[in-house]
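Chemist: Structure: final11.cif, mmCIF, C-alpha atoms.
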data_model
#
loop_
_atom_site.group_PDB
_atom_site.id
_atom_site.type_symbol
_atom_site.label_atom_id
_atom_site.label_comp_id
_atom_site.auth_asym_id
_atom_site.auth_seq_id
_atom_site.Cartn_x
_atom_site.Cartn_y
_atom_site.Cartn_z
ATOM 1 C CA MET A 1 105.765 96.028 75.934
ATOM 2 C CA ILE A 2 106.086 95.195 79.583
ATOM 3 C CA GLU A 3 104.588 97.427 82.258
ATOM 4 C CA ILE A 4 105.952 97.831 85.761
ATOM 5 C CA GLY A 5 104.068 99.665 88.490
ATOM 6 C CA LEU A 6 106.154 102.026 90.624
ATOM 7 C CA THR A 7 104.777 103.487 93.834
ATOM 8 C CA GLY A 8 105.847 105.069 97.092
ATOM 9 C CA GLY A 9 104.755 107.759 99.489
ATOM 10 C CA ILE A 10 105.490 111.452 99.252
ATOM 11 C CA GLY A 11 109.103 112.121 100.151
ATOM 12 C CA SER A 12 110.149 108.544 99.394
ATOM 13 C CA GLY A 13 112.368 109.473 96.446
ATOM 14 C CA LYS A 14 110.200 107.643 93.941
ATOM 15 C CA SER A 15 110.976 110.173 91.212
ATOM 16 C CA THR A 16 114.705 109.618 91.690
ATOM 17 C CA VAL A 17 114.196 105.896 91.157
ATOM 18 C CA ALA A 18 111.973 106.533 88.131
ATOM 19 C CA ASP A 19 114.573 108.782 86.511
ATOM 20 C CA ALA A 20 117.277 106.185 87.101
ATOM 21 C CA LEU A 21 115.165 103.538 85.355
ATOM 22 C CA VAL A 22 114.595 105.920 82.434
ATOM 23 C CA GLU A 23 118.382 106.325 82.157
ATOM 24 C CA ARG A 24 118.537 102.564 81.663
ATOM 25 C CA GLY A 25 116.040 102.716 78.792
ATOM 26 C CA ALA A 26 112.588 102.614 80.371
ATOM 27 C CA VAL A 27 109.673 104.748 79.215
ATOM 28 C CA LEU A 28 108.139 106.640 82.128
ATOM 29 C CA ILE A 29 104.452 107.422 82.479
ATOM 30 C CA ASP A 30 104.332 109.496 85.651
ATOM 31 C CA ALA A 31 100.998 110.349 87.259
ATOM 32 C CA ASP A 32 102.469 113.177 89.359
ATOM 33 C CA ARG A 33 104.107 114.845 86.377
ATOM 34 C CA ILE A 34 100.920 114.479 84.378
ATOM 35 C CA VAL A 35 99.030 116.143 87.240
ATOM 36 C CA ARG A 36 101.375 119.124 87.088
ATOM 37 C CA GLU A 37 100.853 119.409 83.328
ATOM 38 C CA LEU A 38 97.067 119.219 83.693
ATOM 39 C CA GLN A 39 97.152 121.902 86.378
ATOM 40 C CA GLU A 40 98.866 124.442 84.132
ATOM 41 C CA PRO A 41 96.859 127.634 83.456
ATOM 42 C CA GLY A 42 94.407 127.188 80.612
ATOM 43 C CA GLN A 43 94.019 123.456 81.125
ATOM 44 C CA PRO A 44 90.527 122.116 81.965
ATOM 45 C CA VAL A 45 91.717 120.726 85.311
ATOM 46 C CA PHE A 46 93.134 124.104 86.309
ATOM 47 C CA ASP A 47 89.894 125.814 85.306
ATOM 48 C CA ALA A 48 87.792 123.305 87.251
ATOM 49 C CA MET A 49 89.894 123.819 90.367
ATOM 50 C CA VAL A 50 89.601 127.600 90.160
ATOM 51 C CA GLU A 51 85.862 127.254 89.662
ATOM 52 C CA ARG A 52 85.692 125.148 92.835
ATOM 53 C CA TRP A 53 87.986 127.162 95.125
ATOM 54 C CA GLY A 54 88.260 130.566 93.492
ATOM 55 C CA LYS A 55 91.157 132.905 92.805
ATOM 56 C CA LYS A 56 92.670 132.236 96.226
ATOM 57 C CA ILE A 57 94.388 129.155 94.777
ATOM 58 C CA VAL A 58 96.003 131.178 91.959
ATOM 59 C CA ALA A 59 99.444 132.659 92.583
ATOM 60 C CA LYS A 60 100.442 136.159 91.530
ATOM 61 C CA ASP A 61 102.041 134.848 88.342
ATOM 62 C CA GLY A 62 98.792 133.150 87.328
ATOM 63 C CA THR A 63 99.906 129.613 88.068
ATOM 64 C CA LEU A 64 98.389 127.257 90.599
ATOM 65 C CA ASP A 65 99.342 127.981 94.207
ATOM 66 C CA ARG A 66 99.995 124.368 95.185
ATOM 67 C CA ALA A 67 100.644 125.223 98.810
ATOM 68 C CA LYS A 68 97.232 126.851 99.079
ATOM 69 C CA VAL A 69 95.568 123.845 97.446
ATOM 70 C CA ALA A 70 97.361 121.570 99.913
ATOM 71 C CA ASP A 71 96.191 123.696 102.844
ATOM 72 C CA ILE A 72 92.609 123.298 101.658
ATOM 73 C CA ALA A 73 92.605 119.662 100.561
ATOM 74 C CA PHE A 74 94.695 118.015 103.237
ATOM 75 C CA SER A 75 92.801 119.521 106.139
ATOM 76 C CA ASP A 76 89.306 118.496 105.023
ATOM 77 C CA GLU A 77 88.221 115.081 103.724
ATOM 78 C CA ASP A 78 85.412 116.530 101.612
ATOM 79 C CA GLU A 79 87.759 118.980 99.927
ATOM 80 C CA LEU A 80 90.300 116.232 99.307
ATOM 81 C CA LYS A 81 87.587 114.127 97.673
ATOM 82 C CA ALA A 82 86.570 117.101 95.524
ATOM 83 C CA LEU A 83 90.176 117.548 94.423
ATOM 84 C CA ASN A 84 90.530 113.857 93.602
ATOM 85 C CA ASP A 85 87.256 113.890 91.652
ATOM 86 C CA ILE A 86 88.595 116.700 89.485
ATOM 87 C CA VAL A 87 92.118 115.408 88.978
ATOM 88 C CA HIS A 88 92.028 111.607 88.930
ATOM 89 C CA PRO A 89 89.778 111.000 85.886
ATOM 90 C CA ALA A 90 91.836 113.380 83.773
ATOM 91 C CA VAL A 91 95.086 111.785 84.902
ATOM 92 C CA GLY A 92 93.759 108.309 84.164
ATOM 93 C CA LYS A 93 92.758 109.354 80.657
ATOM 94 C CA ALA A 94 96.155 110.913 79.974
ATOM 95 C CA MET A 95 97.967 107.807 81.215
ATOM 96 C CA VAL A 96 95.898 105.603 78.903
ATOM 97 C CA GLU A 97 96.745 107.831 75.940
ATOM 98 C CA ARG A 98 100.468 107.760 76.696
ATOM 99 C CA ARG A 99 100.396 104.024 77.153
ATOM 100 C CA LYS A 100 98.785 103.582 73.734
ATOM 101 C CA ALA A 101 101.668 105.517 72.190
ATOM 102 C CA VAL A 102 104.115 102.695 73.057
ATOM 103 C CA GLU A 103 101.706 99.758 72.862
ATOM 104 C CA GLY A 104 102.960 96.975 70.622
ATOM 105 C CA THR A 105 106.628 97.874 71.098
ATOM 106 C CA ASP A 106 109.351 96.162 73.135
ATOM 107 C CA ALA A 107 109.461 99.053 75.597
ATOM 108 C CA VAL A 108 109.764 98.688 79.349
ATOM 109 C CA VAL A 109 107.090 101.057 80.619
ATOM 110 C CA ILE A 110 107.275 102.351 84.182
ATOM 111 C CA LEU A 111 103.853 103.409 85.415
ATOM 112 C CA ASP A 112 104.579 105.783 88.291
ATOM 113 C CA ILE A 113 101.364 105.542 90.325
ATOM 114 C CA PRO A 114 101.449 107.213 93.755
ATOM 115 C CA LEU A 115 97.970 105.982 94.678
ATOM 116 C CA LEU A 116 98.428 102.360 93.626
ATOM 117 C CA VAL A 117 97.525 101.670 97.246
ATOM 118 C CA ARG A 118 94.839 103.956 98.649
ATOM 119 C CA ALA A 119 94.875 105.624 102.046
ATOM 120 C CA ASP A 120 92.555 102.925 103.393
ATOM 121 C CA GLY A 121 95.108 100.284 102.463
ATOM 122 C CA GLN A 122 93.199 98.936 99.459
ATOM 123 C CA SER A 123 95.247 98.259 96.345
ATOM 124 C CA ILE A 124 93.985 99.296 92.917
ATOM 125 C CA ALA A 125 96.593 97.149 91.165
ATOM 126 C CA ASP A 126 93.796 95.020 89.693
ATOM 127 C CA GLN A 127 92.857 98.058 87.598
ATOM 128 C CA TYR A 128 96.238 97.653 85.898
ATOM 129 C CA SER A 129 95.819 94.058 84.779
ATOM 130 C CA ASN A 130 98.858 94.122 82.481
ATOM 131 C CA LEU A 131 101.420 94.889 85.167
ATOM 132 C CA GLY A 132 104.401 92.581 85.024
ATOM 133 C CA GLY A 133 105.439 93.556 88.540
ATOM 134 C CA ILE A 134 105.256 96.239 91.222
ATOM 135 C CA ILE A 135 108.172 98.158 92.722
ATOM 136 C CA VAL A 136 107.692 100.011 96.006
ATOM 137 C CA VAL A 137 110.113 102.730 97.098
ATOM 138 C CA ASP A 138 110.083 102.515 100.881
ATOM 139 C CA ILE A 139 111.131 105.000 103.548
ATOM 140 C CA ASP A 140 110.369 105.605 107.205
ATOM 141 C CA PRO A 141 107.700 108.333 107.478
ATOM 142 C CA ALA A 142 109.788 110.322 109.965
ATOM 143 C CA LEU A 143 112.651 110.476 107.473
ATOM 144 C CA ALA A 144 110.225 111.415 104.685
ATOM 145 C CA VAL A 145 109.062 114.369 106.799
ATOM 146 C CA LYS A 146 112.659 115.525 107.310
ATOM 147 C CA ARG A 147 113.395 115.353 103.586
ATOM 148 C CA LEU A 148 110.194 117.173 102.629
ATOM 149 C CA VAL A 149 111.063 119.978 105.042
ATOM 150 C CA LYS A 150 114.717 120.184 104.005
ATOM 151 C CA TYR A 151 114.497 119.767 100.245
ATOM 152 C CA ARG A 152 110.974 120.812 99.275
ATOM 153 C CA GLY A 153 110.167 123.556 101.737
ATOM 154 C CA PHE A 154 107.241 121.859 103.460
ATOM 155 C CA SER A 155 106.320 122.728 107.003
ATOM 156 C CA ARG A 156 106.470 119.758 109.342
ATOM 157 C CA ALA A 157 102.715 119.943 109.883
ATOM 158 C CA ASP A 158 102.002 119.925 106.141
ATOM 159 C CA ALA A 159 104.416 117.056 105.518
ATOM 160 C CA ARG A 160 102.864 114.967 108.291
ATOM 161 C CA ALA A 161 99.348 115.727 107.016
ATOM 162 C CA ARG A 162 100.255 114.638 103.482
ATOM 163 C CA ILE A 163 101.761 111.390 104.725
ATOM 164 C CA ALA A 164 98.794 110.723 107.011
ATOM 165 C CA ASN A 165 96.466 110.984 103.998
ATOM 166 C CA GLN A 166 98.350 108.292 102.109
ATOM 167 C CA ALA A 167 98.677 104.542 102.460
ATOM 168 C CA SER A 168 100.880 103.166 105.207
ATOM 169 C CA ARG A 169 104.272 101.790 104.286
ATOM 170 C CA GLU A 170 103.092 98.351 105.416
ATOM 171 C CA ALA A 171 100.149 98.445 102.989
ATOM 172 C CA ARG A 172 102.445 99.392 100.117
ATOM 173 C CA ARG A 173 105.035 96.770 100.921
ATOM 174 C CA ALA A 174 102.282 94.134 100.946
ATOM 175 C CA VAL A 175 101.699 94.580 97.193
ATOM 176 C CA ALA A 176 105.381 94.808 96.200
ATOM 177 C CA ASP A 177 107.268 92.350 94.038
ATOM 178 C CA ARG A 178 110.424 94.307 94.789
ATOM 179 C CA VAL A 179 111.084 96.886 97.532
ATOM 180 C CA ILE A 180 113.704 99.616 97.226
ATOM 181 C CA ASP A 181 114.883 100.987 100.577
ATOM 182 C CA ASN A 182 115.621 104.678 100.099
ATOM 183 C CA SER A 183 116.559 105.509 103.675
ATOM 184 C CA GLY A 184 120.225 105.958 102.802
ATOM 185 C CA THR A 185 122.298 107.914 100.295
ATOM 186 C CA LEU A 186 122.224 107.976 96.494
ATOM 187 C CA GLU A 187 125.212 105.644 96.612
ATOM 188 C CA ASP A 188 123.128 103.186 98.668
ATOM 189 C CA LEU A 189 120.290 103.496 96.143
ATOM 190 C CA GLU A 190 122.290 102.736 93.015
ATOM 191 C CA PRO A 191 122.921 98.981 93.548
ATOM 192 C CA GLN A 192 119.255 98.467 94.410
ATOM 193 C CA ILE A 193 118.182 100.131 91.184
ATOM 194 C CA ARG A 194 120.685 98.034 89.271
ATOM 195 C CA PHE A 195 119.294 94.878 90.887
ATOM 196 C CA VAL A 196 115.693 95.855 90.101
ATOM 197 C CA TRP A 197 116.546 96.633 86.474
ATOM 198 C CA SER A 198 118.186 93.203 86.145
ATOM 199 C CA TRP A 199 115.005 91.670 87.550
ATOM 200 C CA ILE A 200 112.870 93.569 85.038
ATOM 201 C CA MET A 201 115.034 92.234 82.205
ATOM 202 C CA THR A 202 114.136 88.665 83.230
ATOM 203 C CA LEU A 203 110.381 89.243 83.058
ATOM 204 C CA PRO A 204 108.432 87.925 80.072
ATOM 205 C CA HIS A 205 106.899 90.449 77.722
ATOM 206 C CA PRO A 206 103.186 89.734 77.157
ATOM 207 C CA ALA A 207 102.264 88.664 73.659
#
Please, can you express the file's structure as C-alpha cells?

Modeler:
Amino acid sequence: MIEIGLTGGIGSGKSTVADALVERGAVLIDADRIVRELQEPGQPVFDAMVERWGKKIVAKDGTLDRAKVADIAFSDEDELKALNDIVHPAVGKAMVERRKAVEGTDAVVILDIPLLVRADGQSIADQYSNLGGIIVVDIDPALAVKRLVKYRGFSRADARARIANQASREARRAVADRVIDNSGTLEDLEPQIRFVWSWIMTLPHPA
C-alpha cells in the first residue's frame, strides 16, 4: 500500500481531482465525506453538535443545517475550536479504521485531508508518517469565491470567511510534491491528473 496526501482549500476542486484518481484505481479516504457521514442524524457527532448549539442547527427535515453551523463557527474562533474539538477526533478515528481495511495490499490510497496545513500555516504532514507524497490542488482565492457562490450557493461573505479560516495557498504549496492548478476548465485539469497518476505509479511501495 502506498499513501498519497491530497489537500486544497475550499472551492479548489479537490474532490474532482480525488474522483478522477479513484477512476484510475485509487482507494479514496476522504475526510470531508467522512465528516458528512458522522454528522448524519443519530450519529454521536451529530448529537454532540446539537447538545452544544441546540435545535437551531437542525433543519426542518431533521438533518444538520450546515449553513447555520457555518454561520456560527466561522464568525467566532471559540465556536470554531468547539466544532473542531467535536469533529476532528472522530474523523481521525474513522480514517484510521478505513486505512486498516486496505493495509497490506497493493492499493494506492488517497488520503483527502483538507487541514493537512492548518490556518496558521503549520503542516501536520508529520502525523502521516507513511505518506509517499503530497498533492496540492491550487486555485486563486478570488476564483474559489466565485465558484463557491456559483456552484454551491455560498454568499460571498461566507465564502470569503471560510477561505480566511484556512491555510494560505502559499503555505499549502510549500508542502507539495506535486501541485495541480485548477484555475482552468476540466479539459485543462485532465492532463495534470494524468501526469500526477503517472508520478504516483513510479513511487516505491513501502515494505

Chemist: Residues near region 41-53 of chain A, anyone? I mean within 10 Å using all atoms listed in the file, not counting same-chain ones fewer than 3 positions away, as a list in words.

Modeler: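 Skipping anything fewer than 3 positions along the chain leaves Val35, Arg36, Glu37, Leu38, Lys56, Ile57, Val58, Gly62, Thr63, Leu64, Val69, Ile72, Glu79, Ala82, Leu83, Ile86, Val87, His88, Pro89, Ala90 and Val91 of chain A.
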
Chemist: Quick one: distance from CA of Ala164 (chain A) to CA of Ile135 (chain A) in Å, one decimal?

Modeler: 21.2 Å

Chemist: So which residues get picked by the PyMOL selection byres ((chain A and resi 160) around 10) here, written as a compact mmCIF listing (two decimals) with C-alpha atoms, in the coordinates of the input?

Modeler:
# COMPACT_ATOMS: atom_id res chain seq x y z
CA PRO A 141 107.70 108.33 107.48
CA ALA A 142 109.79 110.32 109.96
CA ALA A 144 110.22 111.42 104.68
CA VAL A 145 109.06 114.37 106.80
CA LYS A 146 112.66 115.52 107.31
CA LEU A 148 110.19 117.17 102.63
CA PHE A 154 107.24 121.86 103.46
CA SER A 155 106.32 122.73 107.00
CA ARG A 156 106.47 119.76 109.34
CA ALA A 157 102.72 119.94 109.88
CA ASP A 158 102.00 119.92 106.14
CA ALA A 159 104.42 117.06 105.52
CA ALA A 161 99.35 115.73 107.02
CA ARG A 162 100.26 114.64 103.48
CA ILE A 163 101.76 111.39 104.72
CA ALA A 164 98.79 110.72 107.01
CA ASN A 165 96.47 110.98 104.00

Chemist: With only C-alpha atoms counted, which protein, DNA or RNA residues have an atom no more than 12 Å from (110.3, 99.5, 73.8) in the file frame? Please answer as a VMD selection string.

Modeler: chain A and resid 1 to 3 22 24 to 28 99 101 to 110 205

Chemist: Would you translate the PyMOL selection byres ((chain A and resi 11-13) around 8) into the concrete set of residues it matches in this file, as a PyMOL selection string?

Modeler: chain A and resi 8-10+14-17+137-139+144-145+147-148+182

Chemist: Starting from the PyMOL selection byres ((chain A and resi 124-131) around 6), expand the selection into actual residues of this file and give them as an NGL selection string.

Modeler: :A and (3-4 or 116 or 123 or 132-133)

Chemist: Which residue, A:Asp30, A:Pro204, A:Glu97, A:Val149, has the smallest gap to Thr7 (chain A) when you use only C-alpha atoms?

Modeler: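 For Thr7 (chain A), the nearest of the candidates is A:Asp30.
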
Chemist: Expressed in Å to a single decimal, how great is the separation between CA of Val117 (chain A) and CA of Ala94 (chain A)?

Modeler: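 About the pair CA of Val117 (chain A) and CA of Ala94 (chain A): they are 19.6 Å apart.
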
Chemist: Please, what distance in Å, to one decimal, runs between CA of Asp120 (chain A) and CA of Ser168 (chain A)?

Modeler: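 CA of Ser168 (chain A) lies 8.5 Å from CA of Asp120 (chain A).
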
Chemist: Find, counting all atoms listed in the file, the residue in A:Leu143, A:Ala171, A:Leu6, A:Ile200 that gets nearest to Ser183 (chain A).

Modeler: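 Smallest distance to Ser183 (chain A) is found for A:Leu143.
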
Chemist: Give the answer as one residue: which of A:Ala31, A:Val196, A:Ala167, A:Val175 has the shortest atom-to-atom distance to Ile134 (chain A), using only C-alpha atoms?

Modeler: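 Looking at the shortest contact to Ile134 (chain A), the residue is A:Val175.
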
Chemist: A:Val136, A:Leu189, A:Ala59, A:Ala73: which is nearest Glu170 (chain A), counting all atoms listed in the file?

Modeler: A:Val136
